[in-house]
Structures are given as C-alpha cells and as structure tokens.
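> Here you go, this is entry.tsv (TSV, C-alpha atoms).
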```
chain	number	residue	atom	x	y	z
A	1	MET	CA	-66.53	-79.65	56.51
A	2	ILE	CA	-65.44	-82.84	54.81
A	3	ASN	CA	-68.45	-84.78	53.58
A	4	SER	CA	-67.32	-88.29	52.95
A	5	ALA	CA	-68.36	-91.11	55.18
A	6	ALA	CA	-66.40	-93.56	53.06
A	7	ALA	CA	-63.10	-91.67	53.28
A	8	SER	CA	-63.00	-90.94	57.03
A	9	PRO	CA	-62.34	-94.50	58.32
A	10	ALA	CA	-59.53	-95.01	55.82
A	11	PHE	CA	-57.80	-91.77	56.78
A	12	PHE	CA	-58.31	-92.45	60.48
A	13	ALA	CA	-56.75	-95.88	60.06
A	14	ALA	CA	-53.80	-94.40	58.16
A	15	TYR	CA	-53.28	-91.75	60.83
A	16	ALA	CA	-53.45	-94.41	63.55
A	17	LEU	CA	-50.90	-96.55	61.75
A	18	VAL	CA	-48.51	-93.64	61.44
A	19	ALA	CA	-48.93	-92.95	65.15
A	20	LEU	CA	-48.13	-96.58	65.85
A	21	LEU	CA	-44.98	-96.34	63.75
A	22	LEU	CA	-43.92	-93.25	65.65
A	23	ILE	CA	-44.50	-94.93	69.02
A	24	ASN	CA	-42.32	-97.81	67.90
A	25	VAL	CA	-39.59	-95.42	66.80
A	26	LEU	CA	-39.73	-93.52	70.09
A	27	PHE	CA	-39.95	-96.39	72.59
A	28	PHE	CA	-38.65	-99.54	70.95
A	29	THR	CA	-35.59	-98.41	69.03
A	30	ARG	CA	-32.14	-97.19	69.99
A	31	PHE	CA	-32.09	-94.30	67.55
A	32	ALA	CA	-30.37	-91.10	68.62
A	33	TRP	CA	-32.58	-88.58	70.46
A	34	TRP	CA	-32.36	-86.08	67.61
A	35	LEU	CA	-33.62	-88.71	65.15
A	36	LYS	CA	-36.59	-89.43	67.40
A	37	LEU	CA	-37.29	-85.71	67.73
A	38	ALA	CA	-37.09	-85.27	63.97
A	39	SER	CA	-39.44	-88.23	63.43
A	40	THR	CA	-41.97	-86.72	65.85
A	41	ALA	CA	-41.77	-83.35	64.11
A	42	LEU	CA	-42.15	-84.99	60.71
A	43	VAL	CA	-45.21	-86.97	61.73
A	44	LEU	CA	-46.86	-83.96	63.36
A	45	GLY	CA	-46.10	-81.98	60.23
A	46	LEU	CA	-47.63	-84.77	58.17
A	47	TYR	CA	-50.85	-84.71	60.19
A	48	TRP	CA	-51.15	-80.94	59.98
A	49	SER	CA	-50.32	-80.63	56.30
A	50	SER	CA	-52.55	-83.50	55.19
A	51	TRP	CA	-55.43	-82.08	57.25
A	52	GLN	CA	-54.87	-78.69	55.63
A	53	ALA	CA	-54.80	-80.37	52.22
A	54	MET	CA	-58.23	-81.98	52.59
A	55	PRO	CA	-60.32	-78.87	51.94
A	56	ALA	CA	-58.28	-78.11	48.83
A	57	LEU	CA	-59.52	-81.41	47.38
A	58	LEU	CA	-63.18	-80.69	48.01
A	59	GLY	CA	-65.50	-79.17	45.44
A	60	TRP	CA	-63.66	-80.40	42.37
A	61	PRO	CA	-65.50	-82.85	40.17
A	62	ALA	CA	-65.03	-86.55	40.73
A	63	THR	CA	-64.10	-88.82	37.84
A	64	SER	CA	-65.68	-91.94	39.27
A	65	GLY	CA	-68.52	-93.02	41.48
A	66	MET	CA	-71.38	-91.61	39.44
A	67	PRO	CA	-74.63	-93.16	40.66
A	68	GLU	CA	-76.59	-95.26	38.19
A	69	ARG	CA	-79.51	-92.86	38.42
A	70	PHE	CA	-79.40	-89.26	39.47
A	71	ASN	CA	-81.23	-85.97	39.36
A	72	LEU	CA	-79.47	-83.48	37.14
A	73	SER	CA	-78.90	-80.16	38.90
A	74	GLY	CA	-76.49	-78.47	36.53
A	75	LEU	CA	-74.14	-79.05	33.65
A	76	SER	CA	-71.15	-77.47	32.02
A	77	ILE	CA	-69.57	-78.49	28.73
A	78	MET	CA	-65.97	-77.74	27.88
A	79	GLU	CA	-65.41	-78.54	24.23
A	80	PRO	CA	-62.06	-79.91	23.10
A	81	GLU	CA	-59.63	-77.51	21.55
A	82	LYS	CA	-58.89	-77.93	17.88
A	83	ASN	CA	-55.15	-78.11	18.50
A	84	GLY	CA	-55.75	-81.09	20.79
A	85	ALA	CA	-54.21	-79.43	23.82
A	86	ASN	CA	-57.44	-79.82	25.75
A	87	LYS	CA	-59.55	-82.92	25.19
A	88	GLY	CA	-62.60	-81.25	26.66
A	89	ALA	CA	-64.92	-82.59	29.31
A	90	ILE	CA	-68.52	-82.70	30.39
A	91	TYR	CA	-69.28	-81.71	33.95
A	92	LEU	CA	-72.48	-82.72	35.66
A	93	TRP	CA	-73.82	-81.60	39.00
A	94	THR	CA	-76.11	-84.24	40.34
A	95	THR	CA	-78.12	-85.18	43.34
A	96	ARG	CA	-79.20	-88.65	44.22
A	97	PHE	CA	-82.29	-89.52	46.11
A	98	ALA	CA	-82.36	-88.47	49.72
A	99	THR	CA	-79.83	-90.11	51.99
A	100	ALA	CA	-80.83	-91.89	55.14
A	101	ASN	CA	-80.91	-88.68	57.17
A	102	GLY	CA	-82.82	-86.79	54.51
A	103	GLU	CA	-80.00	-84.46	53.53
A	104	ILE	CA	-79.40	-84.03	49.82
A	105	VAL	CA	-75.97	-82.80	48.83
A	106	PRO	CA	-75.18	-82.27	45.16
A	107	ARG	CA	-72.04	-83.89	43.84
A	108	ALA	CA	-70.05	-82.90	40.77
A	109	PHE	CA	-68.68	-85.32	38.21
A	110	GLN	CA	-66.40	-85.03	35.24
A	111	ILE	CA	-66.89	-87.25	32.19
A	112	PRO	CA	-64.70	-87.45	29.07
A	113	PHE	CA	-66.12	-85.40	26.23
A	114	SER	CA	-67.86	-87.04	23.31
A	115	PRO	CA	-69.99	-85.38	20.63
A	116	GLU	CA	-72.88	-87.80	21.17
A	117	LEU	CA	-72.92	-87.26	24.90
A	118	GLN	CA	-72.64	-83.52	24.39
A	119	LEU	CA	-75.86	-83.57	22.38
A	120	LYS	CA	-77.69	-85.54	25.04
A	121	VAL	CA	-76.43	-83.36	27.87
A	122	ALA	CA	-77.16	-80.14	25.98
A	123	GLY	CA	-80.69	-81.39	25.34
A	124	ALA	CA	-81.16	-82.11	29.01
A	125	GLY	CA	-79.79	-78.66	29.79
A	126	THR	CA	-82.35	-77.01	27.55
A	127	LYS	CA	-85.14	-78.81	29.38
A	128	LEU	CA	-83.59	-77.95	32.71
A	129	ARG	CA	-83.74	-74.25	31.81
A	130	LYS	CA	-87.43	-74.70	31.09
A	131	ARG	CA	-87.83	-76.04	34.64
A	132	MET	CA	-88.32	-79.63	33.50
A	133	PRO	CA	-86.43	-81.74	36.05
A	134	GLN	CA	-84.18	-84.32	34.41
A	135	LEU	CA	-83.37	-87.81	35.53
A	136	GLY	CA	-80.08	-89.20	34.30
A	137	GLU	CA	-79.18	-92.85	33.91
A	138	VAL	CA	-75.84	-94.44	33.23
A	139	VAL	CA	-76.06	-96.85	30.30
A	140	PRO	CA	-74.39	-99.95	31.70
A	141	GLY	CA	-71.23	-101.22	30.02
A	142	LYS	CA	-71.30	-98.84	27.09
A	143	PRO	CA	-69.07	-95.81	26.53
A	144	ALA	CA	-70.53	-92.98	24.49
A	145	ALA	CA	-69.64	-92.95	20.79
A	146	GLY	CA	-66.47	-90.96	20.34
A	147	GLY	CA	-65.73	-91.09	24.03
A	148	HIS	CA	-62.11	-91.52	24.88
A	149	GLY	CA	-60.04	-92.34	27.86
A	150	ALA	CA	-60.76	-94.10	31.08
A	151	GLY	CA	-64.12	-93.30	32.59
A	152	ALA	CA	-65.94	-92.72	29.27
A	153	ILE	CA	-69.60	-93.50	29.86
A	154	ASP	CA	-72.90	-93.07	28.12
A	155	LEU	CA	-75.92	-91.46	29.70
A	156	ASN	CA	-79.60	-91.18	28.94
A	157	PHE	CA	-81.83	-88.42	30.25
A	158	PHE	CA	-85.52	-88.53	30.93
A	159	ASP	CA	-88.07	-86.02	32.07
A	160	MET	CA	-88.78	-86.61	35.73
A	161	PRO	CA	-92.25	-88.02	36.27
A	162	ASP	CA	-94.80	-85.70	37.86
A	163	PRO	CA	-95.06	-86.23	41.60
A	164	LEU	CA	-98.09	-88.21	42.62
A	165	PHE	CA	-100.60	-86.35	44.69
A	166	PRO	CA	-102.84	-88.29	47.05
A	167	GLU	CA	-106.49	-88.34	46.09
A	168	ARG	CA	-108.70	-86.22	48.26
B	1	MET	CA	-53.50	-69.66	53.86
B	2	LEU	CA	-51.12	-71.90	51.95
B	3	SER	CA	-52.71	-74.36	49.58
B	4	PHE	CA	-51.23	-77.84	49.70
B	5	GLY	CA	-53.43	-80.07	47.61
B	6	HIS	CA	-52.07	-83.35	46.39
B	7	SER	CA	-48.38	-82.52	47.01
B	8	SER	CA	-48.96	-82.64	50.74
B	9	ILE	CA	-50.44	-86.09	50.58
B	10	VAL	CA	-47.57	-87.29	48.39
B	11	ALA	CA	-45.11	-85.81	50.89
B	12	GLY	CA	-46.90	-87.71	53.62
B	13	TYR	CA	-46.41	-90.96	51.72
B	14	VAL	CA	-42.70	-90.19	51.39
B	15	VAL	CA	-42.27	-89.39	55.08
B	16	VAL	CA	-43.96	-92.55	56.27
B	17	THR	CA	-42.06	-94.69	53.78
B	18	LEU	CA	-38.82	-93.17	55.07
B	19	CYS	CA	-39.78	-94.00	58.65
B	20	LEU	CA	-40.61	-97.54	57.58
B	21	LEU	CA	-37.28	-97.83	55.80
B	22	LEU	CA	-35.37	-96.66	58.88
B	23	LEU	CA	-37.21	-99.12	61.08
B	24	GLY	CA	-36.65	-101.94	58.67
B	25	MET	CA	-32.93	-101.30	58.28
B	26	PHE	CA	-31.86	-100.19	61.77
B	27	SER	CA	-34.23	-101.81	64.26
B	28	ARG	CA	-33.68	-105.23	65.85
B	29	TRP	CA	-37.18	-106.51	65.37
B	30	HIS	CA	-37.92	-110.00	64.15
B	31	TRP	CA	-38.21	-110.21	60.37
B	32	VAL	CA	-41.83	-111.28	60.71
B	33	ALA	CA	-42.65	-108.03	62.52
B	34	LYS	CA	-40.88	-106.00	59.86
B	35	LEU	CA	-42.71	-107.83	57.08
B	36	GLY	CA	-46.01	-107.30	58.87
B	37	LEU	CA	-45.28	-103.61	59.19
B	38	VAL	CA	-44.51	-103.29	55.50
B	39	ALA	CA	-47.75	-105.09	54.67
B	40	ALA	CA	-49.74	-102.88	57.06
B	41	VAL	CA	-48.30	-99.65	55.66
B	42	THR	CA	-48.89	-100.84	52.09
B	43	ALA	CA	-52.49	-101.69	52.94
B	44	ALA	CA	-52.93	-98.27	54.54
B	45	TRP	CA	-51.68	-96.48	51.43
B	46	CYS	CA	-54.00	-98.55	49.25
B	47	ALA	CA	-56.90	-97.66	51.51
B	48	VAL	CA	-56.05	-93.95	51.36
B	49	TYR	CA	-55.57	-94.12	47.58
B	50	PHE	CA	-59.00	-95.63	47.06
B	51	ALA	CA	-60.59	-93.33	49.65
B	52	LEU	CA	-59.42	-90.14	47.96
B	53	PRO	CA	-61.80	-90.31	44.96
B	54	ALA	CA	-64.72	-90.65	47.36
B	55	MET	CA	-63.88	-87.18	48.66
B	56	LEU	CA	-64.07	-85.54	45.26
B	57	GLY	CA	-67.17	-83.87	43.90
B	58	TRP	CA	-68.61	-82.84	47.26
B	59	PRO	CA	-68.97	-79.14	47.95
B	60	THR	CA	-66.45	-77.15	49.91
B	61	ASP	CA	-67.26	-74.35	52.32
B	62	ARG	CA	-63.99	-72.52	51.73
B	63	ASP	CA	-62.10	-70.68	49.03
B	64	VAL	CA	-65.02	-69.03	47.25
B	65	PRO	CA	-63.33	-67.08	44.44
B	66	ARG	CA	-63.46	-63.30	44.44
B	67	ARG	CA	-65.10	-63.34	41.01
B	68	PHE	CA	-66.75	-66.35	39.50
B	69	ASN	CA	-69.03	-67.48	36.74
B	70	LEU	CA	-72.17	-68.98	38.24
B	71	VAL	CA	-73.07	-72.31	36.67
B	72	ALA	CA	-75.83	-73.71	38.87
B	73	VAL	CA	-77.58	-73.26	42.21
B	74	TYR	CA	-79.17	-75.75	44.56
B	75	ILE	CA	-80.93	-74.50	47.66
B	76	GLN	CA	-81.88	-76.75	50.53
B	77	GLU	CA	-84.32	-75.08	52.86
B	78	PRO	CA	-83.99	-75.58	56.61
B	79	ASP	CA	-86.15	-78.35	57.99
B	80	GLN	CA	-87.71	-77.35	61.28
B	81	THR	CA	-88.98	-80.88	61.90
B	82	SER	CA	-85.56	-82.52	61.77
B	83	GLY	CA	-83.61	-79.43	62.78
B	84	LYS	CA	-81.47	-79.42	59.65
B	85	PRO	CA	-80.16	-75.88	59.10
B	86	GLY	CA	-80.33	-76.03	55.31
B	87	ALA	CA	-77.68	-74.83	52.91
B	88	VAL	CA	-77.09	-72.97	49.68
B	89	PHE	CA	-75.01	-74.95	47.21
B	90	PHE	CA	-73.66	-73.39	44.09
B	91	TRP	CA	-71.42	-74.47	41.25
B	92	ALA	CA	-69.09	-71.91	39.82
B	93	SER	CA	-65.90	-71.47	37.85
B	94	ASP	CA	-63.20	-69.03	38.91
B	95	LEU	CA	-62.79	-66.07	36.60
B	96	ASP	CA	-59.13	-65.64	37.52
B	97	PRO	CA	-57.30	-66.59	34.30
B	98	ASP	CA	-54.56	-68.33	36.32
B	99	ALA	CA	-57.01	-70.47	38.28
B	100	ASP	CA	-58.35	-73.92	37.46
B	101	GLN	CA	-61.22	-73.32	35.03
B	102	ARG	CA	-63.23	-76.37	36.01
B	103	PRO	CA	-66.45	-75.64	37.86
B	104	ARG	CA	-66.17	-76.21	41.59
B	105	ALA	CA	-68.97	-76.90	44.05
B	106	TYR	CA	-69.42	-74.66	47.08
B	107	ARG	CA	-71.60	-74.71	50.12
B	108	LEU	CA	-72.79	-71.72	52.13
B	109	PRO	CA	-74.87	-71.73	55.27
B	110	PHE	CA	-78.51	-71.08	54.57
B	111	SER	CA	-79.73	-67.57	55.21
B	112	PRO	CA	-82.62	-65.58	53.76
B	113	GLY	CA	-80.10	-63.15	52.28
B	114	PHE	CA	-78.14	-65.84	50.45
B	115	LYS	CA	-81.33	-67.53	49.34
B	116	SER	CA	-82.67	-64.33	47.84
B	117	VAL	CA	-79.44	-63.48	46.03
B	118	PHE	CA	-78.92	-66.94	44.63
B	119	GLU	CA	-82.53	-67.40	43.59
B	120	GLU	CA	-82.26	-64.22	41.61
B	121	GLY	CA	-79.07	-65.44	39.98
B	122	GLN	CA	-80.69	-68.79	39.26
B	123	GLY	CA	-83.63	-67.06	37.62
B	124	LYS	CA	-81.33	-65.18	35.28
B	125	LEU	CA	-79.45	-68.37	34.42
B	126	ARG	CA	-82.75	-69.93	33.39
B	127	GLN	CA	-83.21	-67.04	30.99
B	128	ASN	CA	-79.79	-67.88	29.59
B	129	ILE	CA	-78.22	-64.73	31.04
B	130	PRO	CA	-74.76	-65.70	32.35
B	131	GLN	CA	-74.11	-64.44	35.86
B	132	ILE	CA	-70.89	-63.18	37.37
B	133	GLY	CA	-70.65	-63.43	41.13
B	134	GLU	CA	-68.47	-61.13	43.18
B	135	LEU	CA	-67.43	-61.52	46.76
B	136	GLU	CA	-67.51	-58.64	49.15
B	137	GLU	CA	-66.52	-58.73	52.77
B	138	ASP	CA	-69.40	-58.06	55.09
B	139	ASP	CA	-68.56	-55.54	57.77
B	140	GLU	CA	-71.85	-55.92	59.62
B	141	VAL	CA	-71.87	-58.02	62.76
B	142	HIS	CA	-74.42	-60.80	62.56
B	143	GLY	CA	-74.17	-62.07	66.10
B	144	VAL	CA	-72.68	-65.36	67.26
B	145	PRO	CA	-71.92	-67.74	64.40
B	146	ALA	CA	-73.94	-70.94	64.36
B	147	ASP	CA	-70.75	-72.96	63.94
B	148	ARG	CA	-68.08	-72.04	66.45
B	149	LEU	CA	-65.45	-73.57	64.24
B	150	GLN	CA	-66.07	-70.55	62.00
B	151	LEU	CA	-64.89	-68.09	64.64
B	152	GLY	CA	-62.40	-65.62	63.27
B	153	GLN	CA	-63.68	-65.86	59.72
B	154	ARG	CA	-65.36	-62.83	58.29
B	155	SER	CA	-68.76	-63.34	56.76
B	156	VAL	CA	-69.11	-62.39	53.11
B	157	LYS	CA	-71.65	-60.93	50.79
B	158	ILE	CA	-72.15	-62.14	47.29
B	159	LYS	CA	-73.53	-60.04	44.49
B	160	PHE	CA	-74.46	-61.13	41.01
B	161	ARG	CA	-74.49	-59.14	37.85
B	162	ASP	CA	-75.19	-60.00	34.25
B	163	ALA	CA	-72.08	-61.05	32.39
B	164	PRO	CA	-71.19	-58.75	29.49
B	165	PRO	CA	-72.31	-60.16	26.14
B	166	SER	CA	-69.44	-62.05	24.56
B	167	GLY	CA	-70.74	-64.49	22.02
B	168	PRO	CA	-73.32	-67.25	21.67
B	169	PRO	CA	-75.43	-68.36	24.64
B	170	SER	CA	-73.69	-70.44	27.29
B	171	LYS	CA	-73.79	-74.22	27.04
B	172	ASP	CA	-74.05	-74.36	30.80
B	173	ALA	CA	-77.44	-74.93	32.30
B	174	ALA	CA	-79.04	-74.94	35.68
B	175	PRO	CA	-82.52	-75.77	36.87
```
Before we go any further, please render this structure as structure tokens.


Amino acid sequence: MINSAAASPAFFAAYALVALLLINVLFFTRFAWWLKLASTALVLGLYWSSWQAMPALLGWPATSGMPERFNLSGLSIMEPEKNGANKGAIYLWTTRFATANGEIVPRAFQIPFSPELQLKVAGAGTKLRKRMPQLGEVVPGKPAAGGHGAGAIDLNFFDMPDPLFPER
Amino acid sequence: MLSFGHSSIVAGYVVVTLCLLLLGMFSRWHWVAKLGLVAAVTAAWCAVYFALPAMLGWPTDRDVPRRFNLVAVYIQEPDQTSGKPGAVFFWASDLDPDADQRPRAYRLPFSPGFKSVFEEGQGKLRQNIPQIGELEEDDEVHGVPADRLQLGQRSVKIKFRDAPPSGPPSKDAAP
C-alpha cells in the first residue's frame, strides 16, 4: 500500500501525459507500424516497472518534510566513521498528531549527524526508554552545531505534558 | 521478485524523453504544439521529482527481512467505532551484511499474535536488550485474507530473541 496523498496526483498526471503521448504517436503520426508497436511496449513496460518500483521506495527514511512538532516514536544514531567514509546520520521515527481520519502512521526521517544533536536525541531516547513520551520541535532557521550538508537541522525535545482528565 | 528502485524511474524518464524527441523531430505538428508538449513533459517530470520525497519515510508492507535488528515498535489498535483495522508498525534494520543498513519502517496487519510478539520485543528494548527478529513462514491456514490483494502471499510468523552481547548498550531507543 502506498501511503502518500501528495504523491498520487502527480504520478497519475505523469502517467496520463505519457498515455497522451502514446496516443499521439499511434494515431497522429506516420511512423512505421513496428515503431508504434515498440512505443506501446515501451510505455506499458514503463507503467509496469515504475509501479513495481514504488514499494521499493517505501519504508526508507525521508530527508525532508519533517513536521515542526512531532511525537518521537523511535531513534537510531549512526555515528560517523573516523576515516570519513561514512558521515553518519540520525534517524528519527515520528508520529504527528492524528490525521483527519484519525489514523496515525509513523514516518521515518534522516538528519545529518552532529555531536550536539546526538546528545539531544540520545537524551530523548533515554527518557523514551523510561516510558516518558517525547515531543520534538524543529528549531526554525538554525542548523545544529557541527551539522553538515543540506538538510541539517536542530531539534529540541520536551517531555509530553500529562493528558488532562476531566473533573468528575 | 526483481527490485527496481530508482533505476526504473530513471529509465522511465529516458523512455518518455525519447518518445518526445521522436515526436519533435519526425512529426508534422505545428511548432507551438511541439513546444507545448515539451513544456508539459518538463512540468510532469518536475511534479514527479518533487512528489518522490513525499513517498519516503512511510512504512512498507513488503520485503520484511529474514533477520533484522528491531529498533522500535508502534502498535495501533483496531477502532471498532470507526472500523479501522489497526496495524503493527515496526522499525528495523536488515542484518544481512550486504543490505542497506539504514532502519526501514514496516507495517503489518494488526492481529493479537503480532501484537503480543511485538509488545514483548518492545518491552525488552525498553530494558536496553537489543532484539533480533526472525521471519518464519506460517504453514497454518488462517482463513480468507482481509485484503484480497494479498491473495497468493504466504502469511509469516515473526519471532524475537535477545541479541548476543557485543559491546556497549545500543544507542537506539524505542518507547
């Protein structure tokens, strides 16, 4: 199942445009029949292969689109290698507040590694293990100290407030 | 099943660009129509390019690795009021040394069996005991699948065991 309301219209439009191109090739050109047949086969192959490729994209962490505030569900820290071959990364598994239909689906993000952010995230992880829900906030316009590369951001974590219970 | 990934989408770009090139060079359309077509195809590729990141990060319901390191669990119980079936989400990294080592998000249909197994794994993670998950094919018949698109796929069992001690406690954390 592909869960992306934003992506579907764009892909549908692209598929429709390709179909339109193919119709033009088939009915409004004087290309040889074998060229038209090859075009049809290529386009059908394109549809099938791109549809098969979609699931392979799912599940991997996104590098953009992190919500400004989120509930932290999990974290994983990959430290950079000393030889510089791997710059490291911080992975966060987050949920945002319930969507319009009430379904909450966690989403994974990848952020460039920085020592300062590692400390903050590790601290939040310790609290998470102690069953203290953590709220994360993106610090606007400020990359974390030591952060490198595009997408470097800074985060703050807070203990989630206790839920309010109605008075009896 | 073959895995295509990004190369398939790139190949798609190439194919469509070729078609556009053929039409532009060998068709007798007015130049305005050709220009419009180029603009439309370019806009479509831009739309797809910007739509792709929106697909990332969401859980997949396929390709659960045979052996994986469990990073986190999120269980959504079924909601009888709204009729939502619920789901078990988990975040795991493949233990195959040739596989991508980044954690990947997965989604399984909610069942009491999955819930029990994953809650137990989650409990051990909270105690800082790393968990290794292993996939086993389930030979038992569980009746008609809720999703008919899943016909033909075998259901699976997942078992967790404590990872062997191999150094300092994991930096991963889960609620």

> Distance CA of Met66 in chain A-CA of Tyr74 in chain B, one decimal place?

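Taking CA of Met66 in chain A as the start and CA of Tyr74 in chain B as the end point, the length is 18.4 Å.
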
> Could you please determine the separation between CA of Trp34 in chain A and CA of Val10 in chain B in Å, to one decimal place?

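Computing it gives 24.5 Å between the two atoms.
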
> Taking 2 positions as the minimum chain separation for residues in the same chain, which residues sit within 9 Å of Cys19 in chain B when counting all atoms listed in the file? Answer as a PDB file with C-alpha atoms, in the frame of the given file.


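New file out-v9.pdb:
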```
ATOM      1  CA  LEU A  21     -44.980 -96.340  63.750  1.00  0.00           C
ATOM      2  CA  LEU A  22     -43.920 -93.250  65.650  1.00  0.00           C
ATOM      3  CA  VAL A  25     -39.590 -95.420  66.800  1.00  0.00           C
ATOM      4  CA  SER A  39     -39.440 -88.230  63.430  1.00  0.00           C
TER       5      SER A  39
ATOM      6  CA  VAL B  14     -42.700 -90.190  51.390  1.00  0.00           C
ATOM      7  CA  VAL B  15     -42.270 -89.390  55.080  1.00  0.00           C
ATOM      8  CA  VAL B  16     -43.960 -92.550  56.270  1.00  0.00           C
ATOM      9  CA  THR B  17     -42.060 -94.690  53.780  1.00  0.00           C
ATOM     10  CA  LEU B  21     -37.280 -97.830  55.800  1.00  0.00           C
ATOM     11  CA  LEU B  22     -35.370 -96.660  58.880  1.00  0.00           C
ATOM     12  CA  LEU B  23     -37.210 -99.120  61.080  1.00  0.00           C
ATOM     13  CA  GLY B  24     -36.650-101.940  58.670  1.00  0.00           C
TER      14      GLY B  24
END
```

> Could you tell me how far CA of Ser116 in chain B lies from CA of Gly133 in chain B, in Å and to one decimal?

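CA of Ser116 in chain B sits 13.8 Å away from CA of Gly133 in chain B.
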
> Go through B:Lys34, B:Gln80, B:Leu70, B:Phe90 and flag the residue nearest Trp58 in chain B, using only C-alpha atoms for the distances.

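Checking each of B:Lys34, B:Gln80, B:Leu70, B:Phe90 against Trp58 in chain B, counting only C-alpha atoms, the winner is B:Phe90.
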
> Using 8 Å as the limit and counting all atoms listed in the file, can you tabulate each residue of chain A that touches chain B, with its shortest atom-to-atom distance in Å and the two atoms involved, as JSON lines?


```
{"residue": "A:Met1", "atom": "CA", "partner": "B:Asp61", "partner_atom": "CA", "distance": 6.8}
{"residue": "A:Ile2", "atom": "CA", "partner": "B:Thr60", "partner_atom": "CA", "distance": 7.6}
{"residue": "A:Asn3", "atom": "CA", "partner": "B:Trp58", "partner_atom": "CA", "distance": 6.6}
{"residue": "A:Ser4", "atom": "CA", "partner": "B:Met55", "partner_atom": "CA", "distance": 5.6}
{"residue": "A:Ala6", "atom": "CA", "partner": "B:Ala54", "partner_atom": "CA", "distance": 6.6}
{"residue": "A:Ala7", "atom": "CA", "partner": "B:Ala51", "partner_atom": "CA", "distance": 4.7}
{"residue": "A:Ala10", "atom": "CA", "partner": "B:Ala47", "partner_atom": "CA", "distance": 5.7}
{"residue": "A:Phe11", "atom": "CA", "partner": "B:Val48", "partner_atom": "CA", "distance": 6.1}
{"residue": "A:Ala13", "atom": "CA", "partner": "B:Ala44", "partner_atom": "CA", "distance": 7.1}
{"residue": "A:Ala14", "atom": "CA", "partner": "B:Ala44", "partner_atom": "CA", "distance": 5.4}
{"residue": "A:Leu17", "atom": "CA", "partner": "B:Val41", "partner_atom": "CA", "distance": 7.3}
{"residue": "A:Val18", "atom": "CA", "partner": "B:Val16", "partner_atom": "CA", "distance": 7.0}
{"residue": "A:Leu21", "atom": "CA", "partner": "B:Cys19", "partner_atom": "CA", "distance": 7.7}
{"residue": "A:Val25", "atom": "CA", "partner": "B:Leu23", "partner_atom": "CA", "distance": 7.2}
{"residue": "A:Thr29", "atom": "CA", "partner": "B:Ser27", "partner_atom": "CA", "distance": 6.0}
{"residue": "A:Arg30", "atom": "CA", "partner": "B:Ser27", "partner_atom": "CA", "distance": 7.7}
{"residue": "A:Ser39", "atom": "CA", "partner": "B:Cys19", "partner_atom": "CA", "distance": 7.5}
{"residue": "A:Leu42", "atom": "CA", "partner": "B:Val15", "partner_atom": "CA", "distance": 7.1}
{"residue": "A:Val43", "atom": "CA", "partner": "B:Val15", "partner_atom": "CA", "distance": 7.7}
{"residue": "A:Leu46", "atom": "CA", "partner": "B:Gly12", "partner_atom": "CA", "distance": 5.5}
{"residue": "A:Ser49", "atom": "CA", "partner": "B:Ser8", "partner_atom": "CA", "distance": 6.1}
{"residue": "A:Ser50", "atom": "CA", "partner": "B:Ile9", "partner_atom": "CA", "distance": 5.7}
{"residue": "A:Gln52", "atom": "CA", "partner": "B:Phe4", "partner_atom": "CA", "distance": 7.0}
{"residue": "A:Ala53", "atom": "CA", "partner": "B:Gly5", "partner_atom": "CA", "distance": 4.8}
{"residue": "A:Met54", "atom": "CA", "partner": "B:Gly5", "partner_atom": "CA", "distance": 7.2}
{"residue": "A:Pro55", "atom": "CA", "partner": "B:Thr60", "partner_atom": "CA", "distance": 6.7}
{"residue": "A:Ala56", "atom": "CA", "partner": "B:Gly5", "partner_atom": "CA", "distance": 5.4}
{"residue": "A:Leu57", "atom": "CA", "partner": "B:Gly5", "partner_atom": "CA", "distance": 6.2}
{"residue": "A:Leu58", "atom": "CA", "partner": "B:Thr60", "partner_atom": "CA", "distance": 5.2}
{"residue": "A:Gly59", "atom": "CA", "partner": "B:Pro59", "partner_atom": "CA", "distance": 4.3}
{"residue": "A:Trp60", "atom": "CA", "partner": "B:Arg104", "partner_atom": "CA", "distance": 4.9}
{"residue": "A:Pro61", "atom": "CA", "partner": "B:Gly57", "partner_atom": "CA", "distance": 4.2}
{"residue": "A:Ala62", "atom": "CA", "partner": "B:Gly57", "partner_atom": "CA", "distance": 4.7}
{"residue": "A:Thr63", "atom": "CA", "partner": "B:Pro53", "partner_atom": "CA", "distance": 7.6}
{"residue": "A:Ser64", "atom": "CA", "partner": "B:Pro53", "partner_atom": "CA", "distance": 7.1}
{"residue": "A:Gly65", "atom": "CA", "partner": "B:Ala54", "partner_atom": "CA", "distance": 7.4}
{"residue": "A:Ser73", "atom": "CA", "partner": "B:Pro175", "partner_atom": "CA", "distance": 6.0}
{"residue": "A:Gly74", "atom": "CA", "partner": "B:Ala174", "partner_atom": "CA", "distance": 4.4}
{"residue": "A:Leu75", "atom": "CA", "partner": "B:Ala173", "partner_atom": "CA", "distance": 5.4}
{"residue": "A:Ser76", "atom": "CA", "partner": "B:Asp172", "partner_atom": "CA", "distance": 4.4}
{"residue": "A:Ile77", "atom": "CA", "partner": "B:Lys171", "partner_atom": "CA", "distance": 6.2}
{"residue": "A:Tyr91", "atom": "CA", "partner": "B:Pro103", "partner_atom": "CA", "distance": 7.8}
{"residue": "A:Trp93", "atom": "CA", "partner": "B:Trp91", "partner_atom": "CA", "distance": 7.9}
{"residue": "A:Ile104", "atom": "CA", "partner": "B:Gln76", "partner_atom": "CA", "distance": 7.7}
{"residue": "A:Val105", "atom": "CA", "partner": "B:Trp58", "partner_atom": "CA", "distance": 7.5}
{"residue": "A:Pro106", "atom": "CA", "partner": "B:Trp58", "partner_atom": "CA", "distance": 6.9}
{"residue": "A:Arg107", "atom": "CA", "partner": "B:Gly57", "partner_atom": "CA", "distance": 4.9}
{"residue": "A:Ala108", "atom": "CA", "partner": "B:Gly57", "partner_atom": "CA", "distance": 4.4}
{"residue": "A:Phe109", "atom": "CA", "partner": "B:Gly57", "partner_atom": "CA", "distance": 6.1}
{"residue": "A:Ala122", "atom": "CA", "partner": "B:Lys171", "partner_atom": "CA", "distance": 6.9}
{"residue": "A:Gly125", "atom": "CA", "partner": "B:Ala173", "partner_atom": "CA", "distance": 5.1}
{"residue": "A:Thr126", "atom": "CA", "partner": "B:Ala173", "partner_atom": "CA", "distance": 7.1}
{"residue": "A:Leu128", "atom": "CA", "partner": "B:Pro175", "partner_atom": "CA", "distance": 4.8}
{"residue": "A:Arg129", "atom": "CA", "partner": "B:Arg126", "partner_atom": "CA", "distance": 4.7}
{"residue": "A:Lys130", "atom": "CA", "partner": "B:Arg126", "partner_atom": "CA", "distance": 7.1}
{"residue": "A:Arg131", "atom": "CA", "partner": "B:Pro175", "partner_atom": "CA", "distance": 5.8}
{"residue": "A:Met132", "atom": "CA", "partner": "B:Pro175", "partner_atom": "CA", "distance": 7.7}
{"residue": "A:Pro133", "atom": "CA", "partner": "B:Pro175", "partner_atom": "CA", "distance": 7.2}
```

> Tell me, as JSON, numbers by chain, which residues lie within 12 Å of Phe157 in chain A, counting all atoms listed in the file; anything in the same chain fewer than 3 positions away does not count.

{"A": [68, 69, 70, 71, 72, 117, 118, 119, 120, 121, 122, 123, 124, 125, 126, 127, 128, 132, 133, 134, 135, 136, 137, 138, 139, 154, 160]}

> Can you pull out the residues contacting range 154-165 of chain B? Cut-off 6 Å, using only C-alpha atoms, and skip same-chain residues under 6 positions away; I want them as number ranges by chain.

B: 130-138
